[in-house]
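Coordinates as given in my_file35.txt (compact mmCIF, C-alpha atoms):
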```txt
# COMPACT_ATOMS: atom_id res chain seq x y z
CA MET B 17 0.00 0.00 0.00
CA GLY B 18 1.06 3.58 -0.55
CA GLU B 19 2.70 5.38 2.30
CA VAL B 20 1.50 8.82 3.30
CA PRO B 21 4.46 11.12 2.62
CA GLY B 22 5.67 13.19 5.53
CA PRO B 23 7.05 16.68 5.37
CA ALA B 24 10.58 17.18 4.10
CA SER B 25 11.36 18.20 7.69
CA ALA B 26 9.40 19.01 10.82
CA PHE B 27 8.28 22.64 10.81
CA PRO B 28 10.43 24.71 13.18
CA GLY B 29 9.07 27.46 15.35
CA LEU B 30 5.70 26.14 16.55
CA THR B 31 5.94 25.61 20.29
CA ARG B 32 2.50 24.50 21.50
CA LEU B 33 -1.23 24.57 21.04
CA ASP B 34 -1.78 28.10 22.33
CA HIS B 35 -5.58 28.17 22.39
CA VAL B 36 -8.86 27.01 20.95
CA GLY B 37 -11.17 29.87 20.03
CA ILE B 38 -14.86 29.33 20.79
CA ALA B 39 -17.56 31.61 19.36
CA CYS B 40 -20.34 32.39 21.82
CA ARG B 41 -23.35 34.68 21.98
CA ASP B 42 -23.00 35.58 25.68
CA LEU B 43 -19.46 35.85 26.99
CA ASP B 44 -20.46 36.13 30.66
CA ALA B 45 -22.66 33.01 30.49
CA SER B 46 -19.88 31.08 28.72
CA ILE B 47 -17.31 32.14 31.32
CA ALA B 48 -19.70 31.01 34.08
CA PHE B 49 -20.17 27.62 32.36
CA TYR B 50 -16.43 26.91 32.04
CA ARG B 51 -15.77 28.13 35.58
CA ARG B 52 -18.60 26.04 37.07
CA THR B 53 -17.98 22.92 34.96
CA TYR B 54 -14.18 22.77 34.68
CA GLY B 55 -12.88 25.25 37.25
CA PHE B 56 -11.18 27.40 34.58
CA GLU B 57 -10.56 31.01 35.55
CA VAL B 58 -10.25 34.08 33.34
CA GLU B 59 -6.63 35.15 33.01
CA HIS B 60 -7.30 38.02 30.60
CA GLU B 61 -10.34 39.83 29.20
CA GLU B 62 -10.50 42.60 26.59
CA VAL B 63 -12.43 44.12 23.71
CA ASN B 64 -10.68 43.92 20.33
CA GLU B 65 -12.26 46.72 18.29
CA GLU B 66 -10.42 45.75 15.09
CA GLN B 67 -11.85 42.22 15.15
CA GLY B 68 -15.19 43.26 16.64
CA VAL B 69 -15.10 40.93 19.63
CA ARG B 70 -15.21 40.91 23.39
CA GLU B 71 -13.01 38.07 24.51
CA ALA B 72 -11.77 36.16 27.52
CA MET B 73 -8.76 33.88 27.82
CA LEU B 74 -9.31 31.01 30.26
CA ARG B 75 -6.06 29.32 31.30
CA ILE B 76 -6.05 25.54 31.04
CA ASN B 77 -2.44 24.76 32.00
CA GLY B 78 1.18 25.84 31.63
CA THR B 79 3.69 24.38 29.16
CA ASP B 80 7.38 23.51 29.18
CA ASP B 81 8.29 26.63 27.17
CA GLY B 82 6.77 28.94 29.78
CA GLY B 83 3.62 29.58 27.79
CA ALA B 84 0.16 28.24 28.50
CA THR B 85 -2.82 26.68 26.81
CA TYR B 86 -6.14 28.55 26.85
CA LEU B 87 -9.73 28.54 25.77
CA GLN B 88 -10.50 31.84 24.07
CA LEU B 89 -14.16 32.77 24.30
CA LEU B 90 -15.30 35.22 21.62
CA GLU B 91 -18.51 37.27 21.69
CA PRO B 92 -19.12 39.60 18.72
CA THR B 93 -19.54 43.31 19.46
CA ARG B 94 -20.93 44.14 16.01
CA ASP B 95 -22.94 42.31 13.35
CA ASP B 96 -20.30 42.60 10.63
CA SER B 97 -17.47 40.95 12.61
CA PRO B 98 -16.07 37.59 11.45
CA VAL B 99 -17.26 35.96 14.70
CA ALA B 100 -20.83 37.31 14.23
CA LYS B 101 -20.85 35.90 10.68
CA PHE B 102 -19.55 32.57 11.99
CA LEU B 103 -22.33 32.44 14.60
CA GLU B 104 -24.95 33.12 11.91
CA ARG B 105 -23.70 30.25 9.75
CA HIS B 106 -22.63 27.68 12.34
CA GLY B 107 -23.96 28.64 15.76
CA GLU B 108 -21.84 28.51 18.89
CA GLY B 109 -18.76 26.31 18.88
CA VAL B 110 -15.15 25.97 17.87
CA HIS B 111 -14.14 28.92 15.69
CA HIS B 112 -10.38 28.31 15.31
CA ILE B 113 -7.25 26.74 16.75
CA ALA B 114 -4.03 28.63 17.43
CA PHE B 115 -0.43 27.48 17.57
CA GLY B 116 2.14 29.38 19.59
CA THR B 117 5.35 30.48 17.91
CA SER B 118 8.38 32.51 18.91
CA ASP B 119 8.39 34.36 15.54
CA VAL B 120 4.95 34.71 13.94
CA ALA B 121 6.19 36.38 10.73
CA ARG B 122 8.84 33.70 10.11
CA SER B 123 6.40 30.88 10.88
CA ALA B 124 3.75 32.36 8.55
CA GLU B 125 6.31 32.71 5.77
CA GLY B 126 7.52 29.13 6.21
CA ILE B 127 4.03 27.64 6.33
CA GLY B 128 3.03 29.78 3.34
CA ALA B 129 5.97 28.30 1.43
CA ARG B 130 4.42 24.88 2.01
CA GLY B 131 1.28 25.90 0.12
CA VAL B 132 -0.95 27.22 2.90
CA ARG B 133 -2.53 30.61 2.19
CA VAL B 134 -1.77 33.25 4.79
CA LEU B 135 -4.84 35.47 5.23
CA ASN B 136 -2.98 38.47 6.66
CA PRO B 137 0.69 38.42 5.61
CA GLU B 138 1.54 41.27 8.00
CA PRO B 139 1.06 40.19 11.63
CA ARG B 140 -1.61 42.20 13.42
CA ALA B 141 -2.52 42.94 17.02
CA GLY B 142 -4.04 40.08 18.99
CA THR B 143 -4.99 39.39 22.60
CA ALA B 144 -2.90 40.98 25.36
CA GLY B 145 -0.45 42.60 22.94
CA SER B 146 0.29 39.42 21.00
CA ARG B 147 0.99 39.37 17.25
CA ILE B 148 -1.19 37.08 15.12
CA VAL B 149 -1.61 35.71 11.61
CA PHE B 150 -4.49 33.59 10.31
CA LEU B 151 -4.17 30.72 7.82
CA HIS B 152 -6.88 29.83 5.31
CA PRO B 153 -9.25 27.10 6.57
CA LYS B 154 -9.50 25.48 3.12
CA ASP B 155 -5.77 24.75 3.30
CA ASN B 156 -6.04 23.36 6.86
CA GLY B 157 -8.70 20.65 6.60
CA GLY B 158 -11.53 23.16 7.06
CA VAL B 159 -10.09 24.60 10.28
CA LEU B 160 -9.33 28.31 10.60
CA THR B 161 -5.82 28.32 12.07
CA GLU B 162 -4.05 31.13 13.87
CA LEU B 163 -0.37 31.60 14.63
CA VAL B 164 0.29 33.64 17.77
CA GLN B 165 3.41 35.19 19.24
CA THR B 166 2.78 36.26 22.81
CA ALA B 167 3.92 39.68 24.02
CA HIS B 168 6.06 38.20 26.82
```

Re-express the file's structure as structure tokens.
Amino acid sequence: MGEVPGPASAFPGLTRLDHVGIACRDLDASIAFYRRTYGFEVEHEEVNEEQGVREAMLRINGTDDGGATYLQLLEPTRDDSPVAKFLERHGEGVHHIAFGTSDVARSAEGIGARGVRVLNPEPRAGTAGSRIVFLHPKDNGGVLTELVQTAH
């Protein structure tokens, strides 16, 4: 039988699963659910005007590289935001996954060279001063994928 070819080499730079983004209609109710059900606490909350969301980062655990893994809850603040459009089409649920990297621009360039479309070639502002890039879901098995470089 045919073998599934692997990459020419493992991709350098990705350090962890940084977070899973979950679209929700009511951020406060979603925070209460994850706190009550799993004991997760909010580590950071903010409004991202550019992306049209109110968001909360709930810490799941730490990682060997000093980072952490989070659930990111996303409530749209306006009807034309990508998260509002996602909620209209799909309802509440997983919106995207994000991989941590020490150099978001370099990682985006390298992944782009492997045939994955980079939706915003110039990194933009993300949660808590991070820098982010999104990768096209059609090139990632239908999953919107984010690369994130934390501010610290």

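Taking CA of Ala144 (chain B) and CA of Glu162 (chain B) as endpoints, the distance between them is 15.2 Å.
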
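Computed from the coordinates, the CA of Arg41 (chain B) to CA of Arg94 (chain B) distance equals 11.4 Å.
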
* Non-local contacts of His60 (chain B) (9 Å; only C-alpha atoms; under 4 positions in same chain excluded) as a VMD selection string -> chain B and resid 71 to 75 143 to 144

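In this model, the gap between CA of Gly37 (chain B) and CA of Gly78 (chain B) comes to 17.4 Å.
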
* Choose the residue, out of B:Val58, B:Val149, B:Ala48, B:Val164, that has the smallest atom-to-atom separation from Gly128 (chain B); count all atoms listed in the file. =>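 For Gly128 (chain B), the nearest of the candidates is B:Val149.
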
* **Residue neighbourhood Gly145 (chain B), 9 Å, all atoms listed in the file, exclusion window fewer than 2 positions, as a PyMOL selection string** => chain B and resi 141-143+147+166-168

* To do: With only C-alpha atoms counted, which protein, DNA or RNA residues have an atom no more than 12 Å from (-13.9, 38.5, 23.6) in the file frame? Please answer as a PyMOL selection string.
  => chain B and resi 37-44+46-47+58+60-74+87-94+97+99-100+142-144

* Near region 153-156 of chain B, within 7 Å and counting all atoms listed in the file, which residues show up once chain neighbours fewer than 3 positions away are dropped, as a list in words? -> Val132, Arg133, Val159, Leu160 and Thr161 of chain B
